[in-house]
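Engineer: Structure incoming, see below.
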Amino acid sequence: MQSDDLFIRKFRRQSPRPTLARVNFDPKQDGGSMRTRVVAEWPPRREGTNSETVTPSAAALNLRTVGLPGGAWVRNFAHYDVQSILFDLSEAQSLLDEGDGNDNDLLLSCPHFRNEMGGEESVGLSLPRAGRHRWRSFQSPNNAVSMLEEPRESHVQAQGKSNYFIEHADLGARYYHKYFYMKGECVCVMNISRSQYNYRIIFRTTELKTLRGSILEESVPSAARHTTPRGLSPKRLLEFILPDLNLHCLRLASTSPKVRDTLLKLDEQGLNFQHKVGIMYCRAGQSTEEDMYNNESAGPEFDEFLDLLGERVRLKGWEKYRAQLDTKTDSTGTHSLYTRYQDYEVMFHVSTMLPYTANNTQQLLRKRHIGNDIITIVFQEPGALPFTPKAIRSHFQHVFIIVQVHEPCTENTHYRVAVTRSKDIPLFGPLFPKGARFPRSPAFRDFLLAKAINAENAAEKSEKFRSMATRTRQEYLKDLAENYVTTTPIDSSTKFPLLSLGGKRKEKLKGAKGAELHSAGALVWAVTVVQGGENNGLGLSCLLGVSAESVVLIERFTRTVIFNCSCRDVIGWKAVTEPGAPGGPSLDIFYERGEAVTVTTSESQVEDIKEVVQRLELVTRGCEAREVIPLRDGVGQPGFLMSEEGFVTELQRFGYAESGGLQLGARVVRLCGQVLVHLSLEERSRLLRAAQKIHITVIPPDENGKPQTADSSEEEWQSISDLANACRNILEALSREGETFVFEHVNVLKVIMFACLPQEKEDKAMLQAEVQNLRQNNQRLQEESQSTVARARKQTGRLKYVLTQMNLTIINISVAP
């Protein structure tokens, strides 16, 4: 039996939270659907079991669904990822296009393309610029949000040292591999696994829509349950989760290994960790496709750029990703450009490294590769003419990243960037400011690689590529439905219960109230987001998803994530549920440095606000915010002082503020109705001094009197990374002086980087002090070429102390004479 390690680890790690139900998951099943026939497979049922009872109606099940465009979702179902929240069991598009008219000296406007010149902003809840620059945000870009059950560390570790996120990747496609594939289950196009009465489900359609998630049996109304210890039957489960599904079309799948292997390909067909990117070389005065393809060799400016982007590799005998290049006979050139970025391999098709054919303007040996790349980088020398996609005769090149070099081959080399993409490709990051100039540096390399990978991921969402992927998916499902399916229906008189876990349990007569709130996946509520202020803000119809790890808001019209934050960054909330309250039921969620997002519901959905609060109480370390209205004293002072981040640092004893409920360590998040972090120090002083009434919203300290703060894992990771680098430098310096170290752990750096987090403030301060000391000592070691043995021993002692603090063991230290 496999446990859901991420789910259990999270709640073991965060003691301040109430303990959630521990759930183990053991995949046992698989399934999917296509038009009128769906291949399904369930474990064989033991003979002699009783027949099913009559199917209860949706009303009898107390089924609560919220209408989506063309579909509905079940309230109790916990979604694994964002794509699942947007699942729709049903599902339709335009004509002449003149382009966007956005030109500059790098790039011209082109019909059916959209240009990015810098200064663009991603879709999302906008924040005032002052607030955006004053505080560092822990949030991922909205387009980078995918899996909702996974902790933030998994994304941070994959990201490595890069400052950029991979976007538009459906990482939830690994769900089948993680919970179903090769787990000994019988599989179906609807996959259902059960372990300790938690059911994990995948439902696929012929369109690129997949429902992934789980549901606890206790959250299903008792009318849908068995009266036996076997748990829910597949039929009962599907009737509850997908009430509009025609169960008569489902058939048991065969036990052939081809079924599970096909389903794995089906789910992960959109996951690609190998990318090919074309690079075209444009000299001064050039702009056409023929000009660029006919540049026989590279100039020094281009070579300098290629050296920054990747490494030149010999193709003959090359065993890694080759991107259709010949690695046996040199027919596609002798060398190419290759690199790795995060989890991705990138092979570049460089125009000047592909074979050149004299007296052939078409240069087909080059065009056959670059012309079939979705992403193309156009490198411009100074003086190159503006690029336009009109100059390219290819139906496959959908994104062009234009890079123009300035002051090449000098210490001041820098680049300007522009991007043009097909009109149905969504905006992708990393975004850059208008007029940005990028110096030649590893940071610029990271930017370009992230941009290229995100471009291809975003292109997969365009109509052309979605149609191609849909056809492939339909062929997979058609093959399963025609060749790997039995004649046994799911709704036959014979029951097909899930495999019993062996023990008996006491059957509850009705579902536990709020049992679904303990689910690991995202529960979903329909809300309206108030953007731009409580009174005159713009209302957006959204879906609010709260998992054990993340909070997301998805705009229903555009079906895009417009807000996300980690549950560990939620510091508090303020709910208004009283009947007749101005603006109706509402909920303010405060996160990170005191930022706030406000959602509202109709009066008839006031219970939804209460449920969201219950969910936040379980999965975050925040608490209910309080409203305090401190009176000024005789000299006009409010009776308290606060830090720049809003923490109450001084409180007048027995003053109006203290008697009104204000506490030391409390965090002010709103001042006179305005978010505190959006106010300058002068604005705060003016409000405290001159406002007619001081009205503050505060997050009270925890039971130990400590302020409520967002989780600082990223800062801790950076501190530990700095410490690891310092330790490595000291080891190198000491080794140069003849010292030998033998450690129990082969990779000290790796052990340090995965030390236990988070730490208390005192530990962090001590850690930072040690880092500073180590840096100073390391500098002295590097500056002094003649070090004495005594000094080496002294630094060894310091190193031993630091490593001991990090739970490392030094087995042997010997100092050379």
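Each chain in the structure tokens gets a letter, A, B, ..., in the order shown, and its residues are numbered from 1; ligands are numbered from 1 in order too.
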Using only C-alpha atoms, which protein or nucleic acid residues come within 8 Å of Gln139 of chain A? Drop anything in the same chain fewer than 4 positions from it, and give the result as a VMD selection string.
Structural biologist: chain A and resid 564 to 566
Engineer: I want to know what sits within 12 Å of Ile629 of chain A, based on only C-alpha atoms, with residues of the same chain fewer than 6 positions away left out; could you give that as a list in words?
Structural biologist: Pro638, Gly639, Tyr656, Ala657, Glu658, Ser659, Gly660, Gly661, Leu662, Val668, Arg670, Leu671, Cys672, Gly673, Leu688, Ala691, Gln692, Lys693, Ile694, His695, Ile696, Thr697 and Val698 of chain A
Engineer: With N, CA, C and O atoms retained, could you export that selection as a compact mmCIF listing (two decimals), in the first residue's frame?
Structural biologist:
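Final file, result18.txt:
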```txt
# COMPACT_ATOMS: atom_id res chain seq x y z
N PRO A 638 -2.51 57.64 18.75
CA PRO A 638 -3.35 56.44 18.74
C PRO A 638 -3.00 55.43 19.83
O PRO A 638 -3.72 54.47 20.03
N GLY A 639 -1.87 55.61 20.50
CA GLY A 639 -1.52 54.72 21.61
C GLY A 639 -0.78 53.47 21.21
O GLY A 639 -0.67 52.53 22.01
N TYR A 656 -6.33 53.39 25.05
CA TYR A 656 -7.52 53.05 24.29
C TYR A 656 -7.27 51.88 23.34
O TYR A 656 -8.15 51.03 23.15
N ALA A 657 -6.08 51.84 22.74
CA ALA A 657 -5.78 50.77 21.79
C ALA A 657 -5.77 49.42 22.49
O ALA A 657 -6.37 48.45 22.00
N GLU A 658 -5.10 49.34 23.63
CA GLU A 658 -5.04 48.07 24.36
C GLU A 658 -6.41 47.66 24.86
O GLU A 658 -6.80 46.49 24.75
N SER A 659 -7.16 48.59 25.40
CA SER A 659 -8.50 48.27 25.90
C SER A 659 -9.43 47.88 24.76
O SER A 659 -10.42 47.17 24.97
N GLY A 660 -9.13 48.36 23.55
CA GLY A 660 -9.95 48.01 22.39
C GLY A 660 -9.62 46.65 21.80
O GLY A 660 -10.27 46.22 20.84
N GLY A 661 -8.62 45.96 22.35
CA GLY A 661 -8.31 44.61 21.89
C GLY A 661 -7.02 44.47 21.13
O GLY A 661 -6.67 43.37 20.69
N LEU A 662 -6.25 45.56 20.96
CA LEU A 662 -4.98 45.47 20.25
C LEU A 662 -3.93 44.81 21.13
O LEU A 662 -3.87 45.08 22.34
N VAL A 668 -1.04 44.66 11.69
CA VAL A 668 -2.03 45.51 11.04
C VAL A 668 -1.98 45.24 9.54
O VAL A 668 -0.92 45.37 8.91
N ARG A 670 -4.87 46.27 7.47
CA ARG A 670 -5.63 47.35 6.84
C ARG A 670 -5.68 48.54 7.78
O ARG A 670 -5.85 48.38 8.99
N LEU A 671 -5.56 49.71 7.20
CA LEU A 671 -5.63 50.95 7.95
C LEU A 671 -6.64 51.86 7.28
O LEU A 671 -6.46 52.24 6.11
N CYS A 672 -7.72 52.15 8.00
CA CYS A 672 -8.80 52.99 7.47
C CYS A 672 -9.30 52.45 6.13
O CYS A 672 -9.51 53.21 5.16
N GLY A 673 -9.47 51.14 6.05
CA GLY A 673 -10.03 50.52 4.85
C GLY A 673 -9.05 50.28 3.73
O GLY A 673 -9.42 49.72 2.70
N LEU A 688 -3.17 58.07 10.53
CA LEU A 688 -3.18 57.91 11.99
C LEU A 688 -3.36 59.25 12.69
O LEU A 688 -3.94 59.32 13.78
N ALA A 691 -7.15 61.10 10.23
CA ALA A 691 -8.41 60.44 9.87
C ALA A 691 -9.46 60.69 10.94
O ALA A 691 -9.16 60.74 12.14
N GLN A 692 -10.71 60.85 10.49
CA GLN A 692 -11.79 61.12 11.44
C GLN A 692 -11.91 60.00 12.46
O GLN A 692 -12.16 60.24 13.63
N LYS A 693 -11.74 58.78 12.01
CA LYS A 693 -11.78 57.63 12.92
C LYS A 693 -10.73 56.63 12.46
O LYS A 693 -10.63 56.31 11.29
N ILE A 694 -9.90 56.18 13.41
CA ILE A 694 -8.88 55.18 13.08
C ILE A 694 -9.55 53.81 13.11
O ILE A 694 -10.01 53.35 14.17
N HIS A 695 -9.59 53.16 11.97
CA HIS A 695 -10.19 51.83 11.86
C HIS A 695 -9.12 50.88 11.32
O HIS A 695 -8.66 51.06 10.19
N ILE A 696 -8.70 49.91 12.10
CA ILE A 696 -7.65 49.00 11.66
C ILE A 696 -8.13 47.56 11.70
O ILE A 696 -8.95 47.18 12.55
N THR A 697 -7.64 46.79 10.75
CA THR A 697 -7.86 45.34 10.72
C THR A 697 -6.55 44.68 11.09
O THR A 697 -5.52 44.96 10.47
N VAL A 698 -6.57 43.81 12.10
CA VAL A 698 -5.33 43.22 12.59
C VAL A 698 -5.43 41.70 12.63
O VAL A 698 -6.51 41.14 12.85
```
Engineer: If we count only C-alpha atoms and set the cut-off at 9 Å, which residues sit around Thr210 of chain A, ignoring sequence neighbours fewer than 2 positions away in its own chain? Please answer as a ChimeraX atom specification.
Structural biologist: /A:32,83-84,86-88,173,202-205,207-208,212,267
Engineer: Which is closest to Met292 of chain A among A:Glu617, A:Asp97, A:Glu381, A:Glu516, if we use only C-alpha atoms?
Structural biologist: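 Among the listed residues, the smallest separation from Met292 of chain A belongs to A:Glu381.
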Engineer: Tell me which of A:Leu242, A:Val546, A:Ala450, A:Val350 sits closest to Val619 of chain A, counting only C-alpha atoms.
Structural biologist: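 Ranked by minimum distance to Val619 of chain A, first place goes to A:Val546.
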Engineer: Check segment 285-492 of chain A with DSSP on the backbone and list each residue it calls strand (DSSP E), as a PyMOL selection string.
Structural biologist: chain A and resi 311-314+335-341+344-350+375-380+399-406+414-422+438-439+485-489
Engineer: What's around Leu449 of chain A at 12 Å? Count only C-alpha atoms, leave out sequence neighbours fewer than 2 positions away in its own chain, and write the answer as a PyMOL selection string.
Structural biologist: chain A and resi 162-166+275-277+308-310+338-348+375-377+401+429-430+442-447+451-456
